[in-house]
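Novice: My structure is in run.json, and what it holds is JSON, C-alpha atoms:
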```json
[["chain", "number", "residue", "atom", "x", "y", "z"],
["Z", 20, "MET", "CA", 96.30, 106.36, 171.88],
["Z", 21, "SER", "CA", 96.35, 110.04, 172.70],
["Z", 22, "GLY", "CA", 94.06, 109.52, 175.68],
["Z", 23, "LEU", "CA", 96.68, 107.65, 177.71],
["Z", 24, "GLU", "CA", 99.31, 110.39, 177.45],
["Z", 25, "SER", "CA", 97.08, 113.37, 178.07],
["Z", 26, "THR", "CA", 97.47, 114.78, 181.57],
["Z", 27, "GLY", "CA", 94.91, 117.57, 181.76],
["Z", 28, "SER", "CA", 91.31, 117.05, 180.71],
["Z", 29, "THR", "CA", 90.70, 118.12, 177.14],
["Z", 30, "THR", "CA", 87.33, 118.71, 175.46],
["Z", 31, "ALA", "CA", 87.48, 115.18, 174.03],
["Z", 32, "ASP", "CA", 88.02, 113.75, 177.52],
["Z", 33, "LEU", "CA", 85.04, 115.66, 178.81],
["Z", 34, "ILE", "CA", 82.81, 114.42, 175.99],
["Z", 35, "ALA", "CA", 84.12, 110.88, 176.56],
["Z", 36, "GLY", "CA", 83.42, 111.13, 180.28],
["Z", 37, "ALA", "CA", 79.93, 112.49, 179.67],
["Z", 38, "LEU", "CA", 79.10, 109.69, 177.21],
["Z", 39, "MET", "CA", 80.40, 106.99, 179.60],
["Z", 40, "ALA", "CA", 78.42, 108.51, 182.47],
["Z", 41, "LEU", "CA", 75.31, 108.57, 180.27],
["Z", 42, "GLY", "CA", 75.93, 104.91, 179.35],
["Z", 43, "ALA", "CA", 76.23, 103.99, 183.03],
["Z", 44, "LEU", "CA", 73.00, 105.89, 183.78],
["Z", 45, "LEU", "CA", 71.21, 103.99, 180.99],
["Z", 46, "VAL", "CA", 72.41, 100.66, 182.44],
["Z", 47, "LEU", "CA", 71.03, 101.77, 185.82],
["Z", 48, "LEU", "CA", 67.67, 102.75, 184.27],
["Z", 49, "GLY", "CA", 67.50, 99.44, 182.40],
["Z", 50, "SER", "CA", 68.15, 97.56, 185.64],
["Z", 51, "ILE", "CA", 65.41, 99.54, 187.36],
["Z", 52, "GLY", "CA", 63.11, 98.54, 184.49],
["Z", 53, "ILE", "CA", 63.98, 94.85, 184.89],
["Z", 54, "ASN", "CA", 62.93, 95.06, 188.54],
["Z", 55, "ARG", "CA", 59.95, 97.31, 187.99],
["Z", 56, "PHE", "CA", 58.13, 95.67, 185.09],
["Z", 57, "PRO", "CA", 55.79, 92.75, 185.73],
["Z", 58, "HIS", "CA", 56.20, 89.37, 184.02],
["Z", 59, "PHE", "CA", 59.05, 87.80, 182.13],
["Z", 60, "TYR", "CA", 58.43, 89.30, 178.68],
["Z", 61, "SER", "CA", 58.17, 92.95, 179.82],
["Z", 62, "ARG", "CA", 61.43, 92.57, 181.72],
["Z", 63, "LEU", "CA", 63.08, 91.29, 178.56],
["Z", 64, "HIS", "CA", 62.33, 94.62, 176.88],
["Z", 65, "ALA", "CA", 63.96, 96.57, 179.71],
["Z", 66, "ALA", "CA", 67.07, 94.40, 179.33],
["Z", 67, "GLY", "CA", 67.00, 95.20, 175.61],
["Z", 68, "VAL", "CA", 67.70, 98.86, 176.34],
["Z", 69, "ILE", "CA", 70.92, 97.86, 178.13],
["Z", 70, "ASP", "CA", 71.94, 95.57, 175.26],
["Z", 71, "THR", "CA", 71.67, 98.21, 172.57],
["Z", 72, "LEU", "CA", 71.51, 101.88, 173.58],
["Z", 73, "ALA", "CA", 73.47, 101.69, 176.85],
["Z", 74, "SER", "CA", 76.31, 99.56, 175.47],
["Z", 75, "GLY", "CA", 76.41, 101.68, 172.29],
["Z", 76, "VAL", "CA", 76.67, 105.00, 174.16],
["Z", 77, "PHE", "CA", 79.28, 103.60, 176.57],
["Z", 78, "LEU", "CA", 81.45, 102.15, 173.80],
["Z", 79, "LEU", "CA", 81.14, 105.44, 171.89],
["Z", 80, "GLY", "CA", 82.46, 107.23, 175.00],
["Z", 81, "VAL", "CA", 85.44, 104.85, 175.25],
["Z", 82, "GLY", "CA", 86.02, 105.36, 171.50],
["Z", 83, "VAL", "CA", 86.10, 109.17, 171.89],
["Z", 84, "PHE", "CA", 88.56, 108.77, 174.79],
["Z", 85, "PHE", "CA", 91.07, 106.76, 172.73],
["Z", 86, "GLY", "CA", 90.55, 108.63, 169.46],
["Z", 87, "VAL", "CA", 90.62, 107.12, 165.97],
["Z", 88, "GLY", "CA", 92.94, 104.11, 165.79],
["Z", 89, "LEU", "CA", 93.20, 100.38, 166.37],
["Z", 90, "VAL", "CA", 91.33, 100.66, 169.68],
["Z", 91, "SER", "CA", 88.30, 102.35, 168.11],
["Z", 92, "VAL", "CA", 88.17, 99.68, 165.39],
["Z", 93, "LYS", "CA", 88.17, 97.01, 168.12],
["Z", 94, "LEU", "CA", 85.38, 98.85, 169.95],
["Z", 95, "LEU", "CA", 83.36, 99.02, 166.73],
["Z", 96, "LEU", "CA", 83.86, 95.24, 166.33],
["Z", 97, "ILE", "CA", 82.63, 94.68, 169.90],
["Z", 98, "PHE", "CA", 79.51, 96.75, 169.12],
["Z", 99, "VAL", "CA", 78.85, 94.82, 165.89],
["Z", 100, "PHE", "CA", 79.24, 91.48, 167.71],
["Z", 101, "LEU", "CA", 76.79, 92.71, 170.37],
["Z", 102, "LEU", "CA", 74.31, 93.66, 167.64],
["Z", 103, "PHE", "CA", 74.38, 90.05, 166.42],
["Z", 104, "THR", "CA", 74.58, 88.10, 169.69],
["Z", 105, "SER", "CA", 72.26, 89.99, 172.04],
["Z", 106, "PRO", "CA", 69.07, 89.59, 169.93],
["Z", 107, "THR", "CA", 69.94, 85.92, 169.45],
["Z", 108, "ALA", "CA", 70.14, 85.36, 173.21],
["Z", 109, "CYS", "CA", 67.01, 87.44, 173.76],
["Z", 110, "HIS", "CA", 65.06, 85.48, 171.14],
["Z", 111, "ALA", "CA", 66.29, 82.15, 172.56],
["Z", 112, "LEU", "CA", 65.00, 83.14, 176.02],
["Z", 113, "ALA", "CA", 61.64, 84.38, 174.71],
["Z", 114, "ARG", "CA", 61.14, 81.35, 172.48],
["Z", 115, "ALA", "CA", 61.99, 78.92, 175.28],
["Z", 116, "ALA", "CA", 59.54, 80.70, 177.60],
["Z", 117, "PHE", "CA", 56.79, 80.71, 174.97],
["Z", 118, "ILE", "CA", 57.21, 77.04, 174.08],
["Z", 119, "SER", "CA", 57.21, 76.13, 177.79],
["Z", 120, "GLY", "CA", 53.73, 77.67, 177.84],
["Z", 121, "LEU", "CA", 54.49, 80.94, 179.62],
["Z", 122, "ARG", "CA", 51.97, 83.68, 178.79],
["Z", 123, "ASP", "CA", 51.74, 86.98, 180.60],
["Z", 124, "ASP", "CA", 48.69, 89.10, 181.36],
["Z", 125, "SER", "CA", 47.52, 88.79, 177.77],
["Z", 126, "ARG", "CA", 46.78, 85.11, 178.43],
["Z", 127, "ARG", "CA", 43.03, 85.28, 177.88],
["Z", 128, "ALA", "CA", 43.20, 87.21, 174.62],
["Z", 129, "ASP", "CA", 45.90, 85.17, 172.96],
["Z", 130, "ALA", "CA", 45.99, 81.67, 174.40],
["Z", 131, "ASN", "CA", 43.98, 80.05, 171.62],
["Z", 132, "THR", "CA", 45.77, 81.55, 168.64],
["Z", 133, "SER", "CA", 49.22, 81.09, 170.20],
["Z", 134, "GLU", "CA", 48.60, 77.44, 170.92],
["Z", 135, "ALA", "CA", 47.30, 76.94, 167.40],
["Z", 136, "ILE", "CA", 50.58, 78.34, 166.09],
["Z", 137, "ILE", "CA", 52.64, 76.02, 168.27],
["Z", 138, "THR", "CA", 50.63, 73.01, 167.15],
["Z", 139, "LYS", "CA", 51.13, 74.08, 163.54],
["Z", 140, "ALA", "CA", 54.87, 74.52, 164.13],
["Z", 141, "ASP", "CA", 55.13, 71.11, 165.80],
["Z", 142, "ASN", "CA", 53.36, 69.38, 162.96],
["Z", 143, "ALA", "CA", 55.46, 71.05, 160.29],
["P", 3, "MET", "CA", 86.23, 80.44, 145.26],
["P", 4, "LYS", "CA", 85.68, 84.19, 145.61],
["P", 5, "HIS", "CA", 84.16, 83.53, 149.03],
["P", 6, "THR", "CA", 87.31, 81.67, 150.10],
["P", 7, "VAL", "CA", 89.56, 84.54, 148.95],
["P", 8, "SER", "CA", 87.32, 87.09, 150.65],
["P", 9, "LEU", "CA", 87.25, 85.06, 153.88],
["P", 10, "SER", "CA", 91.07, 84.83, 153.91],
["P", 11, "LEU", "CA", 91.44, 88.58, 153.40],
["P", 12, "PHE", "CA", 88.83, 89.30, 156.08],
["P", 13, "LEU", "CA", 90.54, 86.99, 158.60],
["P", 14, "ALA", "CA", 93.97, 88.47, 157.84],
["P", 15, "LEU", "CA", 92.58, 91.99, 158.38],
["P", 16, "LEU", "CA", 90.91, 90.88, 161.61],
["P", 17, "TRP", "CA", 94.17, 89.38, 162.90],
["P", 18, "TRP", "CA", 96.03, 92.58, 162.10],
["P", 19, "VAL", "CA", 93.40, 94.78, 163.76],
["P", 20, "LEU", "CA", 93.28, 92.64, 166.89],
["P", 21, "SER", "CA", 97.06, 92.25, 167.23],
["P", 22, "GLY", "CA", 98.37, 95.57, 165.94],
["P", 23, "TYR", "CA", 102.04, 94.51, 166.05],
["P", 24, "PRO", "CA", 103.91, 94.46, 162.71],
["P", 25, "LYS", "CA", 106.51, 91.93, 164.05],
["P", 26, "PRO", "CA", 107.48, 89.14, 161.60],
["P", 27, "LEU", "CA", 106.83, 86.40, 164.20],
["P", 28, "LEU", "CA", 103.30, 87.60, 164.94],
["P", 29, "LEU", "CA", 102.47, 88.21, 161.27],
["P", 30, "GLY", "CA", 103.80, 84.70, 160.49],
["P", 31, "LEU", "CA", 101.65, 83.17, 163.23],
["P", 32, "GLY", "CA", 98.71, 85.15, 161.81],
["P", 33, "ALA", "CA", 99.30, 83.74, 158.32],
["P", 34, "VAL", "CA", 99.43, 80.18, 159.69],
["P", 35, "THR", "CA", 96.24, 80.76, 161.70],
["P", 36, "VAL", "CA", 94.39, 82.22, 158.70],
["P", 37, "ILE", "CA", 95.41, 79.31, 156.45],
["P", 38, "PHE", "CA", 94.41, 76.76, 159.11],
["P", 39, "THR", "CA", 91.04, 78.46, 159.72],
["P", 40, "VAL", "CA", 90.20, 78.71, 156.02],
["P", 41, "TRP", "CA", 91.20, 75.05, 155.53],
["P", 42, "LEU", "CA", 89.01, 74.05, 158.48],
["P", 43, "ALA", "CA", 86.06, 76.10, 157.18],
["P", 44, "HIS", "CA", 86.55, 74.56, 153.75],
["P", 45, "ARG", "CA", 86.62, 71.04, 155.22],
["P", 46, "LEU", "CA", 83.40, 71.80, 157.14],
["P", 47, "ASP", "CA", 81.92, 73.13, 153.90],
["P", 48, "VAL", "CA", 80.55, 76.22, 155.61],
["P", 49, "ILE", "CA", 81.94, 78.88, 153.26],
["P", 50, "ASP", "CA", 79.03, 80.13, 151.20],
["P", 51, "HIS", "CA", 76.92, 83.20, 150.54],
["P", 52, "GLU", "CA", 74.98, 82.80, 153.79],
["P", 53, "SER", "CA", 77.86, 82.36, 156.25],
["P", 54, "HIS", "CA", 80.06, 84.89, 154.51],
["P", 55, "PRO", "CA", 78.03, 87.43, 152.53],
["P", 56, "ILE", "CA", 80.19, 89.59, 150.27],
["P", 57, "HIS", "CA", 77.29, 91.05, 148.35],
["P", 58, "PHE", "CA", 77.16, 94.70, 149.36],
["P", 59, "SER", "CA", 74.27, 96.95, 148.52],
["P", 60, "TRP", "CA", 73.34, 100.53, 149.29],
["P", 61, "PRO", "CA", 69.79, 99.58, 150.32],
["P", 62, "LEU", "CA", 71.31, 97.33, 153.00],
["P", 63, "LEU", "CA", 73.36, 100.26, 154.32],
["P", 64, "ARG", "CA", 70.20, 102.39, 154.34],
["P", 65, "PHE", "CA", 68.44, 99.64, 156.30],
["P", 66, "TRP", "CA", 71.24, 99.54, 158.90],
["P", 67, "THR", "CA", 71.20, 103.31, 159.32],
["P", 68, "ARG", "CA", 67.43, 103.32, 159.69],
["P", 69, "LEU", "CA", 67.68, 100.45, 162.20],
["P", 70, "LEU", "CA", 70.14, 102.40, 164.38],
["P", 71, "VAL", "CA", 67.78, 105.42, 164.35],
["P", 72, "GLU", "CA", 64.86, 103.13, 165.21],
["P", 73, "ILE", "CA", 66.87, 101.57, 168.11],
["P", 74, "ALA", "CA", 67.64, 105.00, 169.57],
["P", 75, "ARG", "CA", 64.03, 106.19, 169.16],
["P", 76, "SER", "CA", 62.40, 103.15, 170.76],
["P", 77, "SER", "CA", 65.07, 102.97, 173.50],
["P", 78, "ILE", "CA", 64.07, 106.45, 174.62],
["P", 79, "GLN", "CA", 60.42, 105.39, 174.46],
["P", 80, "VAL", "CA", 61.08, 102.33, 176.66],
["P", 81, "LEU", "CA", 63.15, 104.45, 179.09],
["P", 82, "GLY", "CA", 60.15, 106.77, 179.49],
["P", 83, "GLN", "CA", 57.94, 103.76, 180.19],
["P", 84, "ILE", "CA", 60.43, 102.44, 182.76],
["P", 85, "LEU", "CA", 60.26, 105.77, 184.59],
["P", 86, "ARG", "CA", 56.45, 105.89, 184.48],
["P", 87, "GLY", "CA", 56.15, 102.28, 185.64],
["P", 88, "GLN", "CA", 53.58, 99.56, 185.02],
["P", 89, "SER", "CA", 50.75, 101.91, 184.09],
["P", 90, "ALA", "CA", 52.61, 103.03, 180.97],
["P", 91, "ILE", "CA", 52.84, 99.59, 179.34],
["P", 92, "GLN", "CA", 50.33, 97.35, 177.58],
["P", 93, "PRO", "CA", 52.26, 94.14, 176.88],
["P", 94, "LYS", "CA", 50.75, 91.80, 174.29],
["P", 95, "PHE", "CA", 51.54, 89.21, 171.64],
["P", 96, "LEU", "CA", 51.13, 90.09, 167.97],
["P", 97, "HIS", "CA", 50.97, 87.98, 164.87],
["P", 98, "VAL", "CA", 52.73, 89.68, 162.00],
["P", 99, "LYS", "CA", 53.05, 88.59, 158.38],
["P", 100, "THR", "CA", 56.38, 89.34, 156.71],
["P", 101, "GLN", "CA", 57.10, 90.15, 153.06],
["P", 102, "GLN", "CA", 60.46, 88.36, 153.24],
["P", 103, "HIS", "CA", 60.75, 85.33, 151.00],
["P", 104, "SER", "CA", 64.36, 84.35, 151.75],
["P", 105, "ALA", "CA", 65.57, 82.64, 154.91],
["P", 106, "LEU", "CA", 68.25, 85.31, 155.35],
["P", 107, "GLY", "CA", 65.72, 88.12, 154.89],
["P", 108, "ARG", "CA", 63.55, 86.63, 157.64],
["P", 109, "VAL", "CA", 66.55, 86.26, 159.96],
["P", 110, "ILE", "CA", 67.48, 89.91, 159.35],
["P", 111, "LEU", "CA", 63.91, 91.03, 160.10],
["P", 112, "GLY", "CA", 63.56, 88.83, 163.21],
["P", 113, "ASN", "CA", 66.88, 90.11, 164.54],
["P", 114, "ALA", "CA", 65.95, 93.72, 163.77],
["P", 115, "ILE", "CA", 62.65, 93.38, 165.65],
["P", 116, "THR", "CA", 64.40, 91.85, 168.67],
["P", 117, "LEU", "CA", 67.17, 94.43, 168.54],
["P", 118, "THR", "CA", 64.65, 97.28, 168.73],
["P", 119, "PRO", "CA", 63.76, 97.71, 172.42],
["P", 120, "GLY", "CA", 60.05, 97.20, 173.10],
["P", 121, "THR", "CA", 59.61, 94.34, 170.64],
["P", 122, "VAL", "CA", 60.93, 90.76, 170.68],
["P", 123, "THR", "CA", 60.48, 88.08, 168.03],
["P", 124, "VAL", "CA", 59.23, 85.08, 169.99],
["P", 125, "LEU", "CA", 58.43, 82.50, 167.35],
["P", 126, "THR", "CA", 58.60, 82.22, 163.58],
["P", 127, "ASN", "CA", 56.33, 80.00, 161.59],
["P", 128, "GLY", "CA", 56.86, 80.31, 157.87],
["P", 129, "GLY", "CA", 56.07, 83.87, 156.87],
["P", 130, "GLU", "CA", 54.33, 84.60, 160.16],
["P", 131, "PHE", "CA", 56.13, 85.97, 163.23],
["P", 132, "VAL", "CA", 54.85, 85.91, 166.80],
["P", 133, "VAL", "CA", 56.13, 89.16, 168.33],
["P", 134, "HIS", "CA", 55.84, 90.35, 171.91],
["P", 135, "ALA", "CA", 55.37, 94.11, 172.22],
["P", 136, "LEU", "CA", 55.75, 96.16, 175.39],
["P", 137, "SER", "CA", 53.30, 98.94, 174.52],
["P", 138, "LYS", "CA", 50.79, 100.12, 171.93],
["P", 139, "GLU", "CA", 53.43, 102.33, 170.30],
["P", 140, "SER", "CA", 55.97, 99.54, 169.89],
["P", 141, "ALA", "CA", 53.24, 97.20, 168.64],
["P", 142, "LYS", "CA", 52.28, 99.76, 166.02],
["P", 143, "SER", "CA", 55.85, 100.11, 164.72],
["P", 144, "VAL", "CA", 55.98, 96.36, 164.01],
["P", 145, "GLU", "CA", 52.49, 96.20, 162.54],
["P", 146, "ASP", "CA", 53.30, 99.04, 160.15],
["P", 147, "GLY", "CA", 56.11, 96.87, 158.78],
["P", 148, "GLU", "CA", 58.47, 99.79, 158.11],
["P", 149, "LEU", "CA", 61.63, 97.76, 158.75],
["P", 150, "ASP", "CA", 60.20, 94.85, 156.75],
["P", 151, "ALA", "CA", 59.78, 97.10, 153.71],
["P", 152, "LEU", "CA", 63.34, 98.43, 154.00],
["P", 153, "ILE", "CA", 65.09, 95.05, 153.81],
["P", 154, "PRO", "CA", 66.47, 94.75, 150.27],
["P", 155, "GLN", "CA", 64.64, 92.01, 148.37],
["P", 156, "ASP", "CA", 67.85, 90.90, 146.71],
["P", 157, "VAL", "CA", 69.60, 89.64, 149.88],
["P", 158, "GLU", "CA", 71.36, 86.42, 149.06],
["P", 159, "GLY", "CA", 69.99, 83.24, 150.53],
["P", 160, "GLU", "CA", 67.80, 80.25, 150.10],
["P", 161, "ARG", "CA", 64.26, 81.00, 148.94],
["P", 162, "VAL", "CA", 61.56, 79.56, 151.13]]
```
Produce structure tokens that represent the structure in this file.
Specialist:
Amino acid sequence: MSGLESTGSTTADLIAGALMALGALLVLLGSIGINRFPHFYSRLHAAGVIDTLASGVFLLGVGVFFGVGLVSVKLLLIFVFLLFTSPTACHALARAAFISGLRDDSRRADANTSEAIITKADNA
Amino acid sequence: MKHTVSLSLFLALLWWVLSGYPKPLLLGLGAVTVIFTVWLAHRLDVIDHESHPIHFSWPLLRFWTRLLVEIARSSIQVLGQILRGQSAIQPKFLHVKTQQHSALGRVILGNAITLTPGTVTVLTNGGEFVVHALSKESAKSVEDGELDALIPQDVEGERV
């Protein structure tokens, strides 16, 4: 845990700080996307950027700050757990919306085929 | 049996990594916890190749590396679209056929599609996925089936 004892800012600290700042910026951009995009499904994609890239860059920054050790292994575990849980939550939301009948602006083009799929899935 | 041994070792390693103290009391508590958890998992009959895959393959590692690259690439793409606003996106639903014949292979592909920003797996119906894509570019990456082709065909799991 070299990061805790260091008093001045070393190169590693600077890199760590830059990565964490970049992560925070990506979270901000993702949030802007959630507000800016129309419809439920497009907003889901903006949230996806926060789930993967932003959290990855931020955790990498924290990892650089603490150096190689138990803490970085824990951070890696957090990242791996995020890689498994965030798509599951995202899919659950999208699936629930789709089954409830929510379509976005592509309604006209896709309504018939999508409903056919649901009917097929229900009958199976 | 080999899954039980592997699960015990994995849990012991996890306990050590998360605690980090080599004190006899804590290591003893860890041993008790591991034994209890493995017993519980055994009683639930959930230790098998799907819940605890120990089959490692280089193609799988190549797939993971490629997936991380793909996540970074499409994240940047979606960030650009966020900055340009609504005019930059053409959201639509796609119907994609997958080459995966195992349940686990399909789960891996569905998760990979959702994990890549710009595409979300909405529904699965047999070998057909309903995918929502944010733009033409992200739709194309799913339709090309690059990730689908990279998933090793020998992943363990029930054939469907």
Novice: Which one is closest to chain Z: P:Ala105, P:Leu81, P:Leu62, P:Ala141? Count all atoms listed in the file.
Specialist: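 Smallest distance to chain Z is found for P:Leu81.
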Novice: Write out as a ChimeraX atom specification the residues lying within 12 Å of segment 80-90 of chain Z, counting all atoms listed in the file and excluding same-chain residues fewer than 3 positions away.
Specialist: /Z:20-25,28-43,73-77,93-98 /P:15-23
Novice: Got a sec to pull out which chain P residues are within 7 Å of chain Z, counting only C-alpha atoms, and send them as an NGL selection string?
Specialist: :P and (19-20 or 74 or 77 or 84 or 87-88 or 93-94 or 113 or 116-117 or 119-125 or 127 or 136)
Novice: I want to know what sits within 12 Å of Glu139 of chain P, based on only C-alpha atoms, with residues of the same chain fewer than 4 positions away left out; could you give that as a CSV table (one decimal) with C-alpha atoms, in the coordinates of the input?
Specialist:
```csv
chain,number,residue,atom,x,y,z
P,75,ARG,CA,64.0,106.2,169.2
P,76,SER,CA,62.4,103.2,170.8
P,79,GLN,CA,60.4,105.4,174.5
P,80,VAL,CA,61.1,102.3,176.7
P,83,GLN,CA,57.9,103.8,180.2
P,90,ALA,CA,52.6,103.0,181.0
P,91,ILE,CA,52.8,99.6,179.3
P,92,GLN,CA,50.3,97.4,177.6
P,93,PRO,CA,52.3,94.1,176.9
P,94,LYS,CA,50.8,91.8,174.3
P,119,PRO,CA,63.8,97.7,172.4
P,120,GLY,CA,60.0,97.2,173.1
P,121,THR,CA,59.6,94.3,170.6
P,135,ALA,CA,55.4,94.1,172.2
P,143,SER,CA,55.8,100.1,164.7
P,144,VAL,CA,56.0,96.4,164.0
P,145,GLU,CA,52.5,96.2,162.5
P,146,ASP,CA,53.3,99.0,160.2
```
Novice: Please indicate the distance in Å from atom CA of Lys4 of chain P to atom CA of Val36 of chain P, rounded to one decimal place.
Specialist: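 Taking atom CA of Lys4 of chain P as the start and atom CA of Val36 of chain P as the end point, the length is 15.8 Å.
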Novice: Using all atoms listed in the file, determine which residues lie at most 8 Å from segment 39-46 of chain P, disregarding the query and same-chain residues fewer than 2 positions distant; provide the list as a list in words.
Specialist: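 So the residues in contact are Thr6, Leu9, Ser10, Thr35, Val36, Ile37, Val48 and Ile49 of chain P.
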Novice: Work out how far apart atom CA of Val46 of chain Z and atom CA of Arg68 of chain P are and give it in Å to one decimal.
Specialist: 23.4 Å
Novice: Report the distance between atom CA of Leu11 of chain P and atom CA of Trp60 of chain P in Å, rounded to one decimal place.
Specialist: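 Interatomic distance here is 22.1 Å.
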